[in-house]
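Listing of start_23.cif; format and content: mmCIF, N, CA and C atoms.
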data_entry
#
loop_
_atom_site.label_atom_id
_atom_site.label_comp_id
_atom_site.auth_asym_id
_atom_site.auth_seq_id
_atom_site.Cartn_x
_atom_site.Cartn_y
_atom_site.Cartn_z
N MET A 1 -38.12 -111.16 -33.98
CA MET A 1 -38.43 -112.58 -33.92
C MET A 1 -37.47 -113.32 -32.99
N LYS A 2 -36.19 -112.98 -33.10
CA LYS A 2 -35.19 -113.65 -32.27
C LYS A 2 -35.39 -113.34 -30.79
N LYS A 3 -35.81 -112.11 -30.47
CA LYS A 3 -36.03 -111.74 -29.08
C LYS A 3 -37.21 -112.50 -28.49
N LYS A 4 -38.27 -112.68 -29.27
CA LYS A 4 -39.43 -113.44 -28.80
C LYS A 4 -39.07 -114.91 -28.59
N LEU A 5 -38.28 -115.45 -29.49
CA LEU A 5 -37.85 -116.85 -29.37
C LEU A 5 -36.96 -117.02 -28.14
N LEU A 6 -36.05 -116.09 -27.94
CA LEU A 6 -35.16 -116.13 -26.78
C LEU A 6 -35.97 -116.01 -25.48
N ALA A 7 -36.93 -115.10 -25.44
CA ALA A 7 -37.77 -114.94 -24.25
C ALA A 7 -38.58 -116.20 -23.98
N THR A 8 -39.06 -116.84 -25.02
CA THR A 8 -39.81 -118.09 -24.85
C THR A 8 -38.93 -119.17 -24.25
N PHE A 9 -37.74 -119.35 -24.79
CA PHE A 9 -36.84 -120.38 -24.28
C PHE A 9 -36.36 -120.10 -22.85
N LEU A 10 -36.20 -118.83 -22.51
CA LEU A 10 -35.79 -118.49 -21.16
C LEU A 10 -36.94 -118.63 -20.16
N SER A 11 -38.16 -118.48 -20.60
CA SER A 11 -39.30 -118.59 -19.69
C SER A 11 -39.71 -120.04 -19.42
N ILE A 12 -39.34 -120.97 -20.27
CA ILE A 12 -39.73 -122.38 -20.08
C ILE A 12 -39.16 -122.95 -18.77
N PRO A 13 -37.87 -122.79 -18.44
CA PRO A 13 -37.39 -123.30 -17.14
C PRO A 13 -38.07 -122.63 -15.95
N LEU A 14 -38.32 -121.35 -16.04
CA LEU A 14 -38.99 -120.64 -14.95
C LEU A 14 -40.41 -121.19 -14.77
N LEU A 15 -41.12 -121.39 -15.85
CA LEU A 15 -42.47 -121.94 -15.79
C LEU A 15 -42.44 -123.36 -15.20
N PHE A 16 -41.46 -124.14 -15.59
CA PHE A 16 -41.31 -125.50 -15.06
C PHE A 16 -41.15 -125.48 -13.54
N PHE A 17 -40.28 -124.60 -13.02
CA PHE A 17 -40.04 -124.54 -11.58
C PHE A 17 -41.25 -124.01 -10.82
N ILE A 18 -42.00 -123.11 -11.41
CA ILE A 18 -43.22 -122.62 -10.77
C ILE A 18 -44.25 -123.74 -10.66
N ILE A 19 -44.43 -124.50 -11.72
CA ILE A 19 -45.38 -125.62 -11.70
C ILE A 19 -44.92 -126.69 -10.72
N TRP A 20 -43.64 -127.00 -10.72
CA TRP A 20 -43.10 -128.03 -9.82
C TRP A 20 -43.28 -127.61 -8.36
N THR A 21 -42.97 -126.35 -8.05
CA THR A 21 -43.14 -125.85 -6.69
C THR A 21 -44.60 -125.90 -6.27
N GLY A 22 -45.49 -125.53 -7.14
CA GLY A 22 -46.93 -125.61 -6.85
C GLY A 22 -47.38 -127.03 -6.59
N TYR A 23 -46.87 -127.97 -7.38
CA TYR A 23 -47.22 -129.38 -7.20
C TYR A 23 -46.73 -129.89 -5.85
N LEU A 24 -45.50 -129.57 -5.48
CA LEU A 24 -44.97 -130.00 -4.18
C LEU A 24 -45.74 -129.38 -3.03
N GLU A 25 -46.11 -128.11 -3.15
CA GLU A 25 -46.88 -127.45 -2.10
C GLU A 25 -48.28 -128.08 -1.99
N TYR A 26 -48.87 -128.44 -3.12
CA TYR A 26 -50.17 -129.11 -3.11
C TYR A 26 -50.07 -130.45 -2.38
N GLN A 27 -49.02 -131.23 -2.68
CA GLN A 27 -48.82 -132.50 -1.98
C GLN A 27 -48.65 -132.29 -0.49
N LYS A 28 -47.89 -131.29 -0.12
CA LYS A 28 -47.65 -131.00 1.30
C LYS A 28 -48.94 -130.63 2.02
N GLN A 29 -49.78 -129.84 1.37
CA GLN A 29 -51.02 -129.38 2.00
C GLN A 29 -52.09 -130.45 2.06
N THR A 30 -52.09 -131.42 1.15
CA THR A 30 -53.16 -132.41 1.08
C THR A 30 -52.78 -133.75 1.71
N GLY A 31 -51.57 -133.90 2.18
CA GLY A 31 -51.15 -135.17 2.77
C GLY A 31 -51.73 -135.40 4.15
N ASP A 32 -51.71 -136.66 4.59
CA ASP A 32 -52.14 -137.01 5.95
C ASP A 32 -51.07 -136.59 6.94
N LEU A 33 -51.48 -136.03 8.07
CA LEU A 33 -50.52 -135.63 9.09
C LEU A 33 -50.13 -136.83 9.93
N ILE A 34 -48.85 -137.10 10.00
CA ILE A 34 -48.29 -138.21 10.76
C ILE A 34 -47.28 -137.62 11.75
N ILE A 35 -47.38 -138.00 13.00
CA ILE A 35 -46.44 -137.53 14.02
C ILE A 35 -45.54 -138.70 14.41
N LEU A 36 -44.23 -138.50 14.24
CA LEU A 36 -43.27 -139.56 14.53
C LEU A 36 -42.21 -139.07 15.51
N PRO A 37 -41.84 -139.92 16.47
CA PRO A 37 -40.79 -139.54 17.43
C PRO A 37 -39.42 -139.53 16.75
N ILE A 38 -38.55 -138.66 17.23
CA ILE A 38 -37.21 -138.55 16.65
C ILE A 38 -36.15 -138.63 17.73
N THR A 39 -34.95 -138.97 17.30
CA THR A 39 -33.76 -138.93 18.16
C THR A 39 -32.68 -138.20 17.39
N GLY A 40 -31.70 -137.67 18.08
CA GLY A 40 -30.60 -136.97 17.42
C GLY A 40 -29.79 -137.93 16.58
N TYR A 41 -29.28 -137.45 15.48
CA TYR A 41 -28.51 -138.31 14.58
C TYR A 41 -27.04 -138.35 14.95
N ASP A 42 -26.45 -137.19 15.16
CA ASP A 42 -25.03 -137.12 15.48
C ASP A 42 -24.83 -136.01 16.50
N PRO A 43 -24.61 -136.36 17.77
CA PRO A 43 -24.50 -135.32 18.79
C PRO A 43 -23.34 -134.36 18.58
N ARG A 44 -22.33 -134.75 17.83
CA ARG A 44 -21.22 -133.84 17.57
C ARG A 44 -21.60 -132.78 16.54
N ASP A 45 -22.56 -133.10 15.67
CA ASP A 45 -22.93 -132.17 14.62
C ASP A 45 -24.45 -132.18 14.45
N LEU A 46 -25.17 -132.10 15.56
CA LEU A 46 -26.62 -132.14 15.49
C LEU A 46 -27.16 -130.95 14.72
N PHE A 47 -26.57 -129.78 14.96
CA PHE A 47 -26.98 -128.57 14.25
C PHE A 47 -25.88 -128.21 13.27
N SER A 48 -26.22 -128.30 12.01
CA SER A 48 -25.27 -127.99 10.97
C SER A 48 -25.94 -126.98 10.03
N GLY A 49 -25.62 -125.74 10.17
CA GLY A 49 -26.30 -124.72 9.38
C GLY A 49 -27.60 -124.34 10.04
N HIS A 50 -28.64 -124.29 9.25
CA HIS A 50 -29.95 -123.86 9.74
C HIS A 50 -30.92 -125.04 9.82
N TYR A 51 -30.43 -126.22 10.09
CA TYR A 51 -31.30 -127.38 10.19
C TYR A 51 -30.77 -128.33 11.25
N ILE A 52 -31.65 -129.20 11.73
CA ILE A 52 -31.22 -130.24 12.64
C ILE A 52 -31.26 -131.56 11.88
N LEU A 53 -30.32 -132.41 12.21
CA LEU A 53 -30.31 -133.77 11.67
C LEU A 53 -30.89 -134.68 12.73
N TYR A 54 -31.78 -135.56 12.33
CA TYR A 54 -32.41 -136.47 13.28
C TYR A 54 -32.71 -137.79 12.61
N GLN A 55 -33.03 -138.76 13.41
CA GLN A 55 -33.49 -140.06 12.94
C GLN A 55 -34.88 -140.29 13.50
N ILE A 56 -35.71 -140.93 12.72
CA ILE A 56 -37.03 -141.32 13.22
C ILE A 56 -36.85 -142.55 14.08
N ASP A 57 -37.45 -142.51 15.25
CA ASP A 57 -37.38 -143.66 16.17
C ASP A 57 -38.55 -144.59 15.87
N TRP A 58 -38.33 -145.49 14.91
CA TRP A 58 -39.42 -146.36 14.43
C TRP A 58 -39.90 -147.32 15.51
N GLU A 59 -39.04 -147.64 16.47
CA GLU A 59 -39.47 -148.55 17.55
C GLU A 59 -40.52 -147.90 18.44
N LYS A 60 -40.45 -146.58 18.61
CA LYS A 60 -41.41 -145.88 19.46
C LYS A 60 -42.57 -145.28 18.67
N ALA A 61 -42.53 -145.40 17.36
CA ALA A 61 -43.54 -144.77 16.52
C ALA A 61 -44.91 -145.43 16.70
N LYS A 62 -45.87 -144.61 17.02
CA LYS A 62 -47.25 -145.06 17.13
C LYS A 62 -48.09 -144.03 16.40
N CYS A 63 -48.79 -144.46 15.40
CA CYS A 63 -49.63 -143.53 14.64
C CYS A 63 -51.03 -143.51 15.22
N GLU A 64 -51.67 -142.37 15.10
CA GLU A 64 -53.03 -142.24 15.61
C GLU A 64 -53.99 -143.19 14.88
N GLN A 65 -53.66 -143.57 13.66
CA GLN A 65 -54.52 -144.44 12.87
C GLN A 65 -54.33 -145.92 13.23
N GLY A 66 -53.54 -146.23 14.19
CA GLY A 66 -53.23 -147.62 14.54
C GLY A 66 -51.74 -147.79 14.63
N ASN A 67 -51.18 -148.67 13.81
CA ASN A 67 -49.73 -148.81 13.80
C ASN A 67 -49.16 -148.21 12.51
N CYS A 68 -47.87 -148.11 12.45
CA CYS A 68 -47.22 -147.45 11.32
C CYS A 68 -46.75 -148.44 10.27
N ASP A 69 -47.24 -149.67 10.30
CA ASP A 69 -46.78 -150.67 9.34
C ASP A 69 -47.10 -150.30 7.90
N TYR A 70 -48.16 -149.54 7.68
CA TYR A 70 -48.56 -149.17 6.33
C TYR A 70 -47.67 -148.08 5.74
N LEU A 71 -46.85 -147.45 6.57
CA LEU A 71 -46.01 -146.36 6.09
C LEU A 71 -44.86 -146.88 5.24
N ASN A 72 -44.59 -146.19 4.17
CA ASN A 72 -43.42 -146.47 3.35
C ASN A 72 -42.24 -145.74 3.98
N LYS A 73 -41.43 -146.45 4.73
CA LYS A 73 -40.35 -145.80 5.49
C LYS A 73 -39.35 -145.08 4.59
N ASP A 74 -39.19 -145.54 3.35
CA ASP A 74 -38.28 -144.86 2.43
C ASP A 74 -38.77 -143.45 2.09
N ALA A 75 -40.08 -143.21 2.19
CA ALA A 75 -40.62 -141.88 1.91
C ALA A 75 -40.14 -140.87 2.94
N PHE A 76 -39.75 -141.32 4.11
CA PHE A 76 -39.32 -140.43 5.18
C PHE A 76 -37.81 -140.22 5.16
N CYS A 77 -37.10 -140.85 4.26
CA CYS A 77 -35.65 -140.71 4.17
C CYS A 77 -35.29 -139.74 3.06
N GLN A 78 -34.82 -138.58 3.45
CA GLN A 78 -34.40 -137.61 2.47
C GLN A 78 -32.93 -137.80 2.11
N GLU A 79 -32.21 -138.45 2.97
CA GLU A 79 -30.79 -138.73 2.72
C GLU A 79 -30.47 -140.11 3.25
N LYS A 80 -29.54 -140.77 2.63
CA LYS A 80 -29.04 -142.05 3.14
C LYS A 80 -27.59 -141.84 3.57
N LEU A 81 -27.35 -141.93 4.86
CA LEU A 81 -26.00 -141.76 5.39
C LEU A 81 -25.63 -143.00 6.18
N TYR A 82 -24.59 -143.64 5.80
CA TYR A 82 -24.10 -144.81 6.51
C TYR A 82 -25.21 -145.85 6.70
N ARG A 83 -26.00 -146.05 5.67
CA ARG A 83 -27.11 -147.02 5.68
C ARG A 83 -28.16 -146.68 6.74
N ARG A 84 -28.20 -145.45 7.18
CA ARG A 84 -29.23 -144.98 8.12
C ARG A 84 -29.95 -143.82 7.47
N CYS A 85 -31.14 -143.61 7.90
CA CYS A 85 -31.89 -142.49 7.37
C CYS A 85 -31.71 -141.28 8.27
N ALA A 86 -31.16 -140.23 7.74
CA ALA A 86 -31.00 -138.98 8.50
C ALA A 86 -31.83 -137.92 7.80
N ASN A 87 -32.70 -137.28 8.53
CA ASN A 87 -33.57 -136.26 7.97
C ASN A 87 -33.20 -134.90 8.49
N ARG A 88 -33.69 -133.88 7.80
CA ARG A 88 -33.40 -132.50 8.17
C ARG A 88 -34.71 -131.77 8.43
N PHE A 89 -34.65 -130.88 9.43
CA PHE A 89 -35.73 -129.94 9.67
C PHE A 89 -35.10 -128.57 9.79
N TYR A 90 -35.50 -127.66 8.93
CA TYR A 90 -34.89 -126.34 8.90
C TYR A 90 -35.50 -125.43 9.96
N ILE A 91 -34.63 -124.69 10.64
CA ILE A 91 -35.06 -123.81 11.73
C ILE A 91 -34.42 -122.43 11.55
N PRO A 92 -35.02 -121.40 12.13
CA PRO A 92 -34.38 -120.08 12.12
C PRO A 92 -33.09 -120.11 12.94
N GLU A 93 -32.09 -119.39 12.47
CA GLU A 93 -30.78 -119.41 13.12
C GLU A 93 -30.83 -118.96 14.58
N GLU A 94 -31.73 -118.02 14.91
CA GLU A 94 -31.76 -117.49 16.27
C GLU A 94 -32.22 -118.54 17.29
N TYR A 95 -32.84 -119.63 16.83
CA TYR A 95 -33.29 -120.67 17.75
C TYR A 95 -32.29 -121.83 17.89
N ALA A 96 -31.26 -121.85 17.08
CA ALA A 96 -30.36 -123.00 17.01
C ALA A 96 -29.68 -123.31 18.35
N GLU A 97 -29.14 -122.31 19.01
CA GLU A 97 -28.40 -122.55 20.26
C GLU A 97 -29.32 -123.10 21.37
N ASN A 98 -30.49 -122.48 21.52
CA ASN A 98 -31.42 -122.95 22.56
C ASN A 98 -31.95 -124.35 22.25
N LEU A 99 -32.24 -124.61 21.00
CA LEU A 99 -32.73 -125.93 20.62
C LEU A 99 -31.65 -126.99 20.79
N ASP A 100 -30.42 -126.62 20.50
CA ASP A 100 -29.29 -127.53 20.70
C ASP A 100 -29.18 -127.90 22.18
N LYS A 101 -29.32 -126.92 23.07
CA LYS A 101 -29.25 -127.20 24.51
C LYS A 101 -30.39 -128.13 24.94
N LEU A 102 -31.59 -127.92 24.41
CA LEU A 102 -32.71 -128.79 24.76
C LEU A 102 -32.46 -130.23 24.33
N PHE A 103 -31.90 -130.42 23.14
CA PHE A 103 -31.59 -131.76 22.67
C PHE A 103 -30.55 -132.43 23.56
N ARG A 104 -29.55 -131.66 23.96
CA ARG A 104 -28.45 -132.24 24.74
C ARG A 104 -28.83 -132.58 26.18
N VAL A 105 -29.77 -131.85 26.77
CA VAL A 105 -30.19 -132.14 28.14
C VAL A 105 -31.45 -132.99 28.18
N ASN A 106 -31.82 -133.54 27.04
CA ASN A 106 -33.05 -134.32 26.94
C ASN A 106 -33.09 -135.48 27.94
N ASP A 107 -31.98 -136.16 28.16
CA ASP A 107 -31.96 -137.30 29.08
C ASP A 107 -32.32 -136.88 30.50
N LYS A 108 -31.90 -135.70 30.89
CA LYS A 108 -32.16 -135.23 32.25
C LYS A 108 -33.60 -134.74 32.42
N LYS A 109 -34.16 -134.14 31.37
CA LYS A 109 -35.49 -133.56 31.48
C LYS A 109 -36.59 -134.47 30.93
N ASN A 110 -36.24 -135.56 30.30
CA ASN A 110 -37.20 -136.52 29.75
C ASN A 110 -38.19 -135.84 28.80
N MET A 111 -37.65 -135.07 27.86
CA MET A 111 -38.49 -134.39 26.89
C MET A 111 -38.73 -135.29 25.69
N LYS A 112 -39.87 -135.11 25.05
CA LYS A 112 -40.26 -135.93 23.90
C LYS A 112 -40.20 -135.05 22.65
N PHE A 113 -39.37 -135.44 21.69
CA PHE A 113 -39.22 -134.71 20.44
C PHE A 113 -39.90 -135.49 19.32
N GLU A 114 -40.70 -134.77 18.51
CA GLU A 114 -41.43 -135.39 17.42
C GLU A 114 -41.42 -134.47 16.20
N ILE A 115 -41.59 -135.08 15.04
CA ILE A 115 -41.72 -134.33 13.79
C ILE A 115 -43.09 -134.64 13.21
N VAL A 116 -43.77 -133.60 12.75
CA VAL A 116 -45.04 -133.76 12.06
C VAL A 116 -44.74 -133.79 10.57
N TYR A 117 -45.21 -134.84 9.92
CA TYR A 117 -45.04 -135.00 8.49
C TYR A 117 -46.38 -134.89 7.79
N SER A 118 -46.34 -134.36 6.58
CA SER A 118 -47.47 -134.46 5.66
C SER A 118 -47.11 -135.62 4.74
N TYR A 119 -47.90 -136.70 4.82
CA TYR A 119 -47.56 -137.96 4.14
C TYR A 119 -48.57 -138.25 3.04
N THR A 120 -48.08 -138.40 1.82
CA THR A 120 -48.95 -138.64 0.67
C THR A 120 -49.00 -140.10 0.26
N GLY A 121 -48.29 -140.96 0.93
CA GLY A 121 -48.22 -142.37 0.55
C GLY A 121 -46.90 -142.69 -0.14
N LYS A 122 -46.39 -141.75 -0.89
CA LYS A 122 -45.11 -141.92 -1.57
C LYS A 122 -44.05 -140.97 -1.03
N THR A 123 -44.49 -139.82 -0.58
CA THR A 123 -43.58 -138.76 -0.16
C THR A 123 -44.00 -138.23 1.20
N ALA A 124 -43.01 -137.84 2.00
CA ALA A 124 -43.29 -137.24 3.30
C ALA A 124 -42.55 -135.91 3.39
N PHE A 125 -43.27 -134.90 3.85
CA PHE A 125 -42.70 -133.56 4.01
C PHE A 125 -42.72 -133.20 5.50
N ALA A 126 -41.55 -132.91 6.06
CA ALA A 126 -41.49 -132.48 7.46
C ALA A 126 -42.07 -131.07 7.54
N THR A 127 -43.10 -130.90 8.40
CA THR A 127 -43.78 -129.61 8.47
C THR A 127 -43.63 -128.91 9.81
N GLN A 128 -43.38 -129.66 10.88
CA GLN A 128 -43.34 -129.03 12.20
C GLN A 128 -42.52 -129.88 13.16
N LEU A 129 -41.80 -129.22 14.06
CA LEU A 129 -41.05 -129.88 15.14
C LEU A 129 -41.82 -129.67 16.43
N LEU A 130 -42.07 -130.77 17.14
CA LEU A 130 -42.79 -130.70 18.41
C LEU A 130 -41.87 -131.10 19.55
N ILE A 131 -42.01 -130.41 20.68
CA ILE A 131 -41.34 -130.78 21.92
C ILE A 131 -42.43 -130.95 22.95
N ASN A 132 -42.55 -132.14 23.51
CA ASN A 132 -43.62 -132.45 24.46
C ASN A 132 -44.99 -132.09 23.88
N SER A 133 -45.21 -132.43 22.62
CA SER A 133 -46.46 -132.22 21.88
C SER A 133 -46.82 -130.75 21.67
N LYS A 134 -45.87 -129.85 21.81
CA LYS A 134 -46.09 -128.42 21.55
C LYS A 134 -45.08 -127.96 20.51
N ASP A 135 -45.42 -126.89 19.80
CA ASP A 135 -44.51 -126.34 18.81
C ASP A 135 -43.20 -125.93 19.49
N TYR A 136 -42.09 -126.21 18.85
CA TYR A 136 -40.78 -125.95 19.46
C TYR A 136 -40.58 -124.47 19.79
N LYS A 137 -41.24 -123.57 19.09
CA LYS A 137 -41.05 -122.13 19.31
C LYS A 137 -41.52 -121.71 20.70
N GLU A 138 -42.41 -122.47 21.31
CA GLU A 138 -42.86 -122.14 22.65
C GLU A 138 -41.74 -122.33 23.69
N PHE A 139 -40.73 -123.12 23.35
CA PHE A 139 -39.62 -123.40 24.26
C PHE A 139 -38.41 -122.51 23.99
N MET A 140 -38.49 -121.68 22.96
CA MET A 140 -37.34 -120.92 22.53
C MET A 140 -37.37 -119.50 23.08
N THR A 141 -36.18 -119.00 23.38
CA THR A 141 -36.00 -117.59 23.70
C THR A 141 -34.94 -117.06 22.76
N LYS A 142 -35.19 -115.93 22.15
CA LYS A 142 -34.21 -115.35 21.24
C LYS A 142 -33.07 -114.75 22.03
N ASP A 143 -31.85 -114.98 21.52
CA ASP A 143 -30.65 -114.43 22.17
C ASP A 143 -30.35 -113.05 21.64
#

Any chance you could give the structure as structure tokens?
Amino acid sequence: MKKKLLATFLSIPLLFFIIWTGYLEYQKQTGDLIILPITGYDPRDLFSGHYILYQIDWEKAKCEQGNCDYLNKDAFCQEKLYRRCANRFYIPEEYAENLDKLFRVNDKKNMKFEIVYSYTGKTAFATQLLINSKDYKEFMTKD
């Protein structure tokens, strides 16, 4: 009896996380796709680990549905740093150096960086990084 009770109590957190993960994945898959321009957040530490830090450039944001006034901008802020919204997009480590170089020479090459979000109205999930309207992996070479 005690083993069954212990197994039940240990399985409840696991079941909770499985349901929560499924719910978040459902939201991500069913949200409206929104493409927003980004700028680097901190050039000294643009790449920290396996993600890039960026800011959404709301002044340049133009949504395909018209304007972005209907967007809840707080939904796009995963972190609040120094009263600014800094977001993260996770990337494979082998692409970090090349992507860092592209961000740093952006002024010379006039490249356009954008993030594709799945937007549910309350929550936004970053799903893809675009460079000149193409997936960033097309610009990467593995070292």

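The list of residues with at least one atom within 7 Å of Val116 of chain A, based on all atoms listed in the file and without residues fewer than 2 positions apart in the same chain, reads Leu33, Ile34, Ile35, Leu36, Glu114, Ser118, Phe125, Ala126, Thr127, Gln128, Leu129 and Leu130 of chain A.
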
Students should find that atom N of Thr120 of chain A and atom N of Phe16 of chain A are spaced 23.5 Å

Would you be able to write out as a PDB file with N, CA and C atoms, in the coordinates of the input which residues have an atom within 12 Å of (-46.1, -130.6, 22.4) in the file's coordinates, counting only C-alpha atoms?
ATOM      1  N   ILE A  35     -47.380-138.000  13.000  1.00  0.00           N
ATOM      2  CA  ILE A  35     -46.440-137.530  14.020  1.00  0.00           C
ATOM      3  C   ILE A  35     -45.540-138.700  14.410  1.00  0.00           C
ATOM      4  N   PRO A  37     -41.840-139.920  16.470  1.00  0.00           N
ATOM      5  CA  PRO A  37     -40.790-139.540  17.430  1.00  0.00           C
ATOM      6  C   PRO A  37     -39.420-139.530  16.750  1.00  0.00           C
ATOM      7  N   MET A 111     -37.650-135.070  27.860  1.00  0.00           N
ATOM      8  CA  MET A 111     -38.490-134.390  26.890  1.00  0.00           C
ATOM      9  C   MET A 111     -38.730-135.290  25.690  1.00  0.00           C
ATOM     10  N   LYS A 112     -39.870-135.110  25.050  1.00  0.00           N
ATOM     11  CA  LYS A 112     -40.260-135.930  23.900  1.00  0.00           C
ATOM     12  C   LYS A 112     -40.200-135.050  22.650  1.00  0.00           C
ATOM     13  N   PHE A 113     -39.370-135.440  21.690  1.00  0.00           N
ATOM     14  CA  PHE A 113     -39.220-134.710  20.440  1.00  0.00           C
ATOM     15  C   PHE A 113     -39.900-135.490  19.320  1.00  0.00           C
ATOM     16  N   GLU A 114     -40.700-134.770  18.510  1.00  0.00           N
ATOM     17  CA  GLU A 114     -41.430-135.390  17.420  1.00  0.00           C
ATOM     18  C   GLU A 114     -41.420-134.470  16.200  1.00  0.00           C
ATOM     19  N   ILE A 115     -41.590-135.080  15.040  1.00  0.00           N
ATOM     20  CA  ILE A 115     -41.720-134.330  13.790  1.00  0.00           C
ATOM     21  C   ILE A 115     -43.090-134.640  13.210  1.00  0.00           C
ATOM     22  N   VAL A 116     -43.770-133.600  12.750  1.00  0.00           N
ATOM     23  CA  VAL A 116     -45.040-133.760  12.060  1.00  0.00           C
ATOM     24  C   VAL A 116     -44.740-133.790  10.570  1.00  0.00           C
ATOM     25  N   GLN A 128     -43.380-129.660  10.880  1.00  0.00           N
ATOM     26  CA  GLN A 128     -43.340-129.030  12.200  1.00  0.00           C
ATOM     27  C   GLN A 128     -42.520-129.880  13.160  1.00  0.00           C
ATOM     28  N   LEU A 129     -41.800-129.220  14.060  1.00  0.00           N
ATOM     29  CA  LEU A 129     -41.050-129.880  15.140  1.00  0.00           C
ATOM     30  C   LEU A 129     -41.820-129.670  16.430  1.00  0.00           C
ATOM     31  N   LEU A 130     -42.070-130.770  17.140  1.00  0.00           N
ATOM     32  CA  LEU A 130     -42.790-130.700  18.410  1.00  0.00           C
ATOM     33  C   LEU A 130     -41.870-131.100  19.550  1.00  0.00           C
ATOM     34  N   ILE A 131     -42.010-130.410  20.680  1.00  0.00           N
ATOM     35  CA  ILE A 131     -41.340-130.780  21.920  1.00  0.00           C
ATOM     36  C   ILE A 131     -42.430-130.950  22.950  1.00  0.00           C
ATOM     37  N   ASN A 132     -42.550-132.140  23.510  1.00  0.00           N
ATOM     38  CA  ASN A 132     -43.620-132.450  24.460  1.00  0.00           C
ATOM     39  C   ASN A 132     -44.990-132.090  23.880  1.00  0.00           C
ATOM     40  N   SER A 133     -45.210-132.430  22.620  1.00  0.00           N
ATOM     41  CA  SER A 133     -46.460-132.220  21.880  1.00  0.00           C
ATOM     42  C   SER A 133     -46.820-130.750  21.670  1.00  0.00           C
ATOM     43  N   LYS A 134     -45.870-129.850  21.810  1.00  0.00           N
ATOM     44  CA  LYS A 134     -46.090-128.420  21.550  1.00  0.00           C
ATOM     45  C   LYS A 134     -45.080-127.960  20.510  1.00  0.00           C
ATOM     46  N   ASP A 135     -45.420-126.890  19.800  1.00  0.00           N
ATOM     47  CA  ASP A 135     -44.510-126.340  18.810  1.00  0.00           C
ATOM     48  C   ASP A 135     -43.200-125.930  19.490  1.00  0.00           C
ATOM     49  N   TYR A 136     -42.090-126.210  18.850  1.00  0.00           N
ATOM     50  CA  TYR A 136     -40.780-125.950  19.460  1.00  0.00           C
ATOM     51  C   TYR A 136     -40.580-124.470  19.790  1.00  0.00           C
ATOM     52  N   LYS A 137     -41.240-123.570  19.090  1.00  0.00           N
ATOM     53  CA  LYS A 137     -41.050-122.130  19.310  1.00  0.00           C
ATOM     54  C   LYS A 137     -41.520-121.710  20.700  1.00  0.00           C
ATOM     55  N   GLU A 138     -42.410-122.470  21.310  1.00  0.00           N
ATOM     56  CA  GLU A 138     -42.860-122.140  22.650  1.00  0.00           C
ATOM     57  C   GLU A 138     -41.740-122.330  23.690  1.00  0.00           C
ATOM     58  N   PHE A 139     -40.730-123.120  23.350  1.00  0.00           N
ATOM     59  CA  PHE A 139     -39.620-123.400  24.260  1.00  0.00           C
ATOM     60  C   PHE A 139     -38.410-122.510  23.990  1.00  0.00           C
TER      61      PHE A 139
END

query = Leaving out Thr39 of chain A and any residue of its chain fewer than 2 positions from it, which residues lie within 6 Å of it when counting all atoms listed in the file, given as an MDAnalysis selection string?
reply = chainID A and resid 37 41 54:57

_Every residue with an atom at most 8 Å from (-51.3, -135.7, 2.1) (file coordinates; only N, CA and C atoms) is what I'm after, so could you write them as a PyMOL selection string?_
chain A and resi 26-33+117-121+123

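From atom CA of Ala124 of chain A back to atom CA of Leu53 of chain A, the distance works out to 15.8 Å.
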
- [ ] If you run DSSP over the backbone, which residues in segment 106-142 of chain A end up strand (DSSP E or B)? Put them as number ranges by chain.
- [x] A: 113-119, 124-131, 134-135

Query raised in the report: Could you state the separation of atom C of Lys73 of chain A and atom N of Lys122 of chain A in Å, given to one decimal place?
Result: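 Atom C of Lys73 of chain A sits 9.5 Å away from atom N of Lys122 of chain A.
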
Centre and size of axis-aligned box enclosing segment 112-129 of chain A plus 8 Å each side, as lines of an AutoDock Vina configuration file:
center_x = -44.1
center_y = -135.8
center_z = 11.7
size_x = 25.8
size_y = 29.8
size_z = 42.6

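If you measure from each of A:Phe76, A:Thr21, A:Ala61, A:Met140 to Leu99 of chain A using all atoms listed in the file, the closest one turns out to be A:Met140.
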